[in-house]
>>> print(open('input_20.txt').read())   # compact mmCIF, C-alpha atoms
# COMPACT_ATOMS: atom_id res chain seq x y z
CA MET A 16 -1.66 14.37 4.07
CA LEU A 17 0.82 15.75 6.61
CA ILE A 18 2.87 18.89 5.91
CA ILE A 19 5.61 20.01 8.30
CA THR A 20 7.10 23.49 8.14
CA CYS A 21 10.42 24.54 9.64
CA GLY A 22 11.92 27.99 10.01
CA ASP A 23 12.12 31.15 12.08
CA SER A 24 9.67 33.93 12.97
CA TYR A 25 8.56 34.40 9.36
CA THR A 26 7.38 30.80 9.17
CA GLN A 27 5.93 31.01 12.66
CA GLY A 28 3.78 33.94 11.58
CA GLU A 29 5.17 36.45 14.03
CA GLY A 30 4.11 40.03 13.46
CA LEU A 31 0.83 39.17 11.73
CA SER A 32 -2.48 40.03 13.37
CA ASP A 33 -3.23 36.29 13.38
CA LYS A 34 -0.56 33.59 13.00
CA GLN A 35 -3.08 31.56 11.01
CA GLN A 36 -2.42 34.07 8.21
CA ALA A 37 1.16 32.79 7.81
CA TYR A 38 2.00 30.79 4.72
CA PRO A 39 2.22 27.36 6.47
CA TYR A 40 -1.47 27.58 7.32
CA LEU A 41 -2.36 28.86 3.85
CA ILE A 42 -0.70 25.90 2.09
CA SER A 43 -2.24 23.30 4.41
CA GLN A 44 -5.92 24.20 4.25
CA ASN A 45 -6.73 20.71 2.96
CA ALA A 46 -4.04 18.88 4.91
CA GLU A 47 -2.76 18.32 8.43
CA LEU A 48 -0.05 20.82 9.46
CA LYS A 49 2.68 20.72 12.07
CA ASN A 50 4.59 24.00 12.24
CA LEU A 51 7.90 23.43 14.05
CA SER A 52 9.27 26.91 13.42
CA GLN A 53 10.55 29.09 16.25
CA SER A 54 11.03 32.82 16.47
CA GLY A 55 14.70 33.70 16.45
CA ALA A 56 15.78 30.31 15.12
CA SER A 57 19.24 29.98 13.63
CA GLU A 58 19.86 27.74 10.64
CA TYR A 59 21.28 25.22 13.11
CA LEU A 60 18.06 25.17 15.10
CA ILE A 61 16.13 24.81 11.84
CA THR A 62 18.27 21.74 11.13
CA ALA A 63 17.11 20.30 14.45
CA GLN A 64 13.52 21.03 13.38
CA VAL A 65 14.11 19.08 10.16
CA GLU A 66 15.54 16.18 12.15
CA GLU A 67 12.34 16.11 14.20
CA ALA A 68 10.20 16.49 11.07
CA VAL A 69 11.80 13.49 9.35
CA LYS A 70 10.97 11.27 12.33
CA LEU A 71 7.28 12.13 11.88
CA LYS A 72 7.35 10.85 8.27
CA PRO A 73 5.34 13.66 6.63
CA ASP A 74 4.34 13.84 3.00
CA LEU A 75 6.10 17.17 2.57
CA ILE A 76 8.59 19.35 4.47
CA VAL A 77 8.77 23.08 3.75
CA VAL A 78 11.75 25.03 5.06
CA GLY A 79 12.04 28.79 5.32
CA HIS A 80 15.76 29.53 5.64
CA THR A 81 16.99 32.25 7.93
CA ASN A 82 19.89 34.71 8.17
CA GLU A 83 23.40 33.28 8.33
CA TYR A 84 24.36 35.58 11.22
CA ARG A 85 22.38 33.76 13.88
CA TRP A 86 23.37 31.47 16.70
CA GLN A 87 21.60 29.90 19.64
CA ILE A 88 22.05 29.13 23.30
CA TRP A 89 20.15 27.55 26.15
CA ASP A 90 18.20 30.38 27.80
CA PHE A 91 18.32 29.66 31.53
CA ARG A 92 15.68 32.31 32.23
CA ASN A 93 12.99 30.74 30.08
CA ASN A 94 14.22 27.14 30.09
CA CYS A 95 14.38 26.83 26.32
CA ILE A 96 16.72 27.20 23.36
CA GLN A 97 16.77 30.85 22.34
CA GLY A 98 18.08 32.43 19.17
CA PHE A 99 20.20 35.52 19.27
CA ILE A 100 21.82 37.67 16.64
CA VAL A 101 25.37 38.90 16.65
CA ALA A 102 25.55 40.35 13.13
CA ASN A 103 27.67 43.37 12.31
CA HIS A 104 24.65 44.90 10.58
CA VAL A 105 22.58 45.11 13.79
CA LEU A 106 23.69 48.69 14.36
CA LYS A 107 22.91 49.62 10.75
CA ASN A 108 19.39 48.18 11.00
CA GLU A 109 18.61 48.78 14.64
CA LYS A 110 14.88 49.37 14.14
CA TYR A 111 14.45 45.93 12.56
CA TYR A 112 16.20 44.20 15.44
CA ARG A 113 14.67 46.10 18.34
CA ASN A 114 12.88 42.98 19.61
CA TRP A 115 15.89 40.71 19.32
CA ILE A 116 17.61 39.19 22.32
CA LEU A 117 21.35 39.69 22.03
CA SER A 118 23.93 37.29 23.40
CA GLU A 119 24.88 39.68 26.20
CA GLN A 120 21.29 39.79 27.44
CA ILE A 121 20.97 36.02 27.52
CA LEU A 122 24.24 35.71 29.40
CA GLY A 123 23.26 38.33 31.94
CA ASN A 124 25.68 40.98 30.62
CA ARG A 125 28.65 39.23 32.16
CA ARG A 126 30.77 36.23 31.37
CA LYS A 127 30.16 33.56 33.95
CA ASN A 128 32.85 31.03 34.76
CA THR A 129 31.06 28.01 33.29
CA LYS A 130 31.86 25.99 30.19
CA GLU A 131 28.42 26.75 28.74
CA HIS A 132 28.79 30.51 29.02
CA GLN A 133 32.38 30.52 27.82
CA ALA A 134 31.35 28.51 24.77
CA ALA A 135 28.46 30.87 24.07
CA TRP A 136 30.66 33.93 24.26
CA HIS A 137 33.18 32.28 21.96
CA ALA A 138 30.46 31.39 19.43
CA ALA A 139 29.04 34.90 19.52
CA GLY A 140 32.46 36.43 19.01
CA MET A 141 33.29 33.99 16.23
CA LEU A 142 30.20 34.94 14.23
CA TYR A 143 30.52 38.64 14.95
CA PHE A 144 34.07 38.86 13.69
CA SER A 145 33.91 36.19 10.97
CA GLU A 146 34.22 37.08 7.32
CA GLU A 147 31.02 36.88 5.32
CA LYS A 148 32.29 33.94 3.25
CA LEU A 149 33.00 31.81 6.33
CA VAL A 150 29.60 32.46 7.92
CA GLN A 151 27.85 31.62 4.64
CA GLN A 152 29.82 28.37 4.44
CA LEU A 153 28.46 27.43 7.86
CA TRP A 154 24.95 28.26 6.64
CA SER A 155 25.38 26.13 3.51
CA GLY A 156 26.59 23.23 5.63
CA ALA A 157 23.45 23.34 7.77
CA VAL A 158 21.16 23.51 4.72
CA SER A 159 23.04 20.63 3.09
CA LYS A 160 22.39 18.45 6.12
CA GLN A 161 18.67 19.28 5.95
CA ILE A 162 18.57 18.24 2.30
CA ILE A 163 20.40 14.96 2.99
CA LEU A 164 18.10 14.11 5.91
CA ALA A 165 15.02 14.47 3.71
CA GLN A 166 16.57 12.64 0.77
CA LYS A 167 17.58 9.64 2.92
CA ALA A 168 14.03 9.47 4.27
CA LYS A 169 12.62 9.92 0.74
CA ILE A 170 10.50 12.87 1.87
CA PRO A 171 9.88 15.73 -0.64
CA MET A 172 11.18 19.08 0.56
CA ILE A 173 10.57 22.63 -0.67
CA HIS A 174 12.91 25.46 0.31
CA HIS A 175 12.73 29.22 0.28
CA CYS A 176 15.10 31.87 1.62
CA CYS A 177 13.53 34.53 3.79
CA PHE A 178 16.64 36.62 3.09
CA GLY A 179 17.23 37.28 -0.59
CA HIS A 180 21.03 37.55 -0.50
CA LEU A 181 21.19 33.81 0.33
CA GLN A 182 19.26 32.73 -2.77
CA PRO A 183 22.41 32.07 -4.87
CA LEU A 184 23.72 29.75 -2.15
CA LEU A 185 20.45 27.84 -2.04
CA LYS A 186 20.51 27.43 -5.84
CA GLU A 187 23.90 25.74 -5.52
CA LEU A 188 22.44 23.12 -3.17
CA THR A 189 19.02 22.20 -4.57
CA ASP A 190 16.53 22.71 -7.38
CA ASP A 191 13.56 22.22 -5.04
CA TYR A 192 12.92 25.83 -4.09
CA VAL A 193 10.68 28.80 -4.72
CA GLU A 194 12.27 32.21 -5.08
CA PHE A 195 10.50 34.61 -2.74
CA HIS A 196 12.01 36.54 0.17
CA LEU A 197 9.82 37.57 3.07
CA ASP A 198 12.50 39.76 4.63
CA ASN A 199 12.67 41.79 1.42
CA GLU A 200 8.88 41.99 1.15
CA LYS A 201 8.46 43.52 4.61
CA HIS A 202 9.61 46.90 3.30
CA LYS A 203 6.69 47.21 0.88
CA ASP A 204 4.18 44.99 2.69
CA PRO A 205 4.86 45.31 6.42
CA ALA A 206 3.03 43.29 9.06
CA PRO A 207 1.39 45.15 11.96
CA ASP A 208 4.62 44.90 14.00
CA ARG A 209 6.52 46.66 11.15
CA SER A 210 9.33 44.08 11.45
CA HIS A 211 7.91 41.21 9.38
CA ALA A 212 6.20 40.72 6.04
CA GLY A 213 2.44 41.21 5.85
CA LEU A 214 -0.46 39.02 4.83
CA ASN A 215 -0.23 39.71 1.09
CA SER A 216 3.36 38.48 1.05
CA HIS A 217 2.39 35.27 2.81
CA ILE A 218 -0.42 34.75 0.29
CA LYS A 219 2.03 35.15 -2.61
CA LEU A 220 4.52 32.74 -1.05
CA ALA A 221 1.80 30.18 -0.33
CA ARG A 222 0.71 30.30 -3.97
CA LEU A 223 4.27 29.62 -5.16
CA ILE A 224 4.72 26.74 -2.73
CA LYS A 225 1.41 25.14 -3.71
CA ASN A 226 2.44 25.23 -7.34
CA ARG A 227 5.84 23.74 -6.58
CA HIS A 228 4.23 21.16 -4.31
CA GLN A 229 2.11 19.84 -7.18
CA GLN A 230 5.25 19.45 -9.28
CA ILE A 231 7.29 17.39 -6.81
CA LEU A 232 4.65 15.11 -5.28
>>> encode(input="input_20.txt", output="structure tokens")
Amino acid sequence: MLIITCGDSYTQGEGLSDKQQAYPYLISQNAELKNLSQSGASEYLITAQVEEAVKLKPDLIVVGHTNEYRWQIWDFRNNCIQGFIVANHVLKNEKYYRNWILSEQILGNRRKNTKEHQAAWHAAGMLYFSEEKLVQQLWSGAVSKQIILAQKAKIPMIHHCCFGHLQPLLKELTDDYVEFHLDNEKHKDPAPDRSHAGLNSHIKLARLIKNRHQQIL
């Protein structure tokens, strides 16, 4: 059996003393696992992960959905796609975002006269100044595409929102979810880096996913 997981740093296992403690590894102890998640991923990058996952024809795809205030850009320094955050609430929650790369850092703190950089600045500004409803509509659109990709390929998919405020939106799109929010759990069960949820939270989430997995397969 092949399980593929998609998501951001929570699904990657960032912040734990050992990434093997993250829920993808806990749910796949008797199966083959491919964890496509990436730290800092936006919901759009997670959609790209799902596109890749579908091509591999797994028995199950598990998606950990991320914050709606995230975007992405090609990071010329590290030669990879990098997530960045432009949310209004960064200043309110500075300690939780201290390790984040912001758009200005990726772009070298100045707007270069290239189409790529102009587009990135525009995207960052659009998200930063957008109303909450509009940004959540963009998020829902990305999640909807993920669901359609799996349905067309006839691959079972289980969802969960790392951020609890997005749970009502997920409920509007699918019944194939577990309700557990790692970003909420980090406040009472912090990982060693103090920015992510700890081992006990990953164990609880893994238990919920295993139970849901038995129901849909």
>>> closest_residue(input="input_20.txt", among="A:Ile42, A:Leu51, A:Ile18, A:Leu75", to="Ile170 (chain A)", atoms="all atoms listed in the file")
A:Leu75
>>> closest_residue(input="input_20.txt", among="A:His211, A:His174, A:Arg227, A:Lys219", to="Gly28 (chain A)", atoms="only C-alpha atoms")
A:His211
>>> atom_distance(input="input_20.txt", atom1="CA of Gly55 (chain A)", atom2="CA of Asp23 (chain A)")
5.7 Å
>>> atom_distance(input="input_20.txt", atom1="CA of His180 (chain A)", atom2="CA of Glu147 (chain A)")
11.6 Å
>>> atom_distance(input="input_20.txt", atom1="CA of Gln36 (chain A)", atom2="CA of Ser210 (chain A)")
15.8 Å
>>> closest_residue(input="input_20.txt", among="A:Ser54, A:Thr62, A:Gln229, A:Asn199", to="Gly30 (chain A)", atoms="all atoms listed in the file")
A:Ser54
>>> closest_residue(input="input_20.txt", among="A:Leu48, A:Leu41, A:Leu60, A:Ile163", to="Gly22 (chain A)", atoms="all atoms listed in the file")
A:Leu60
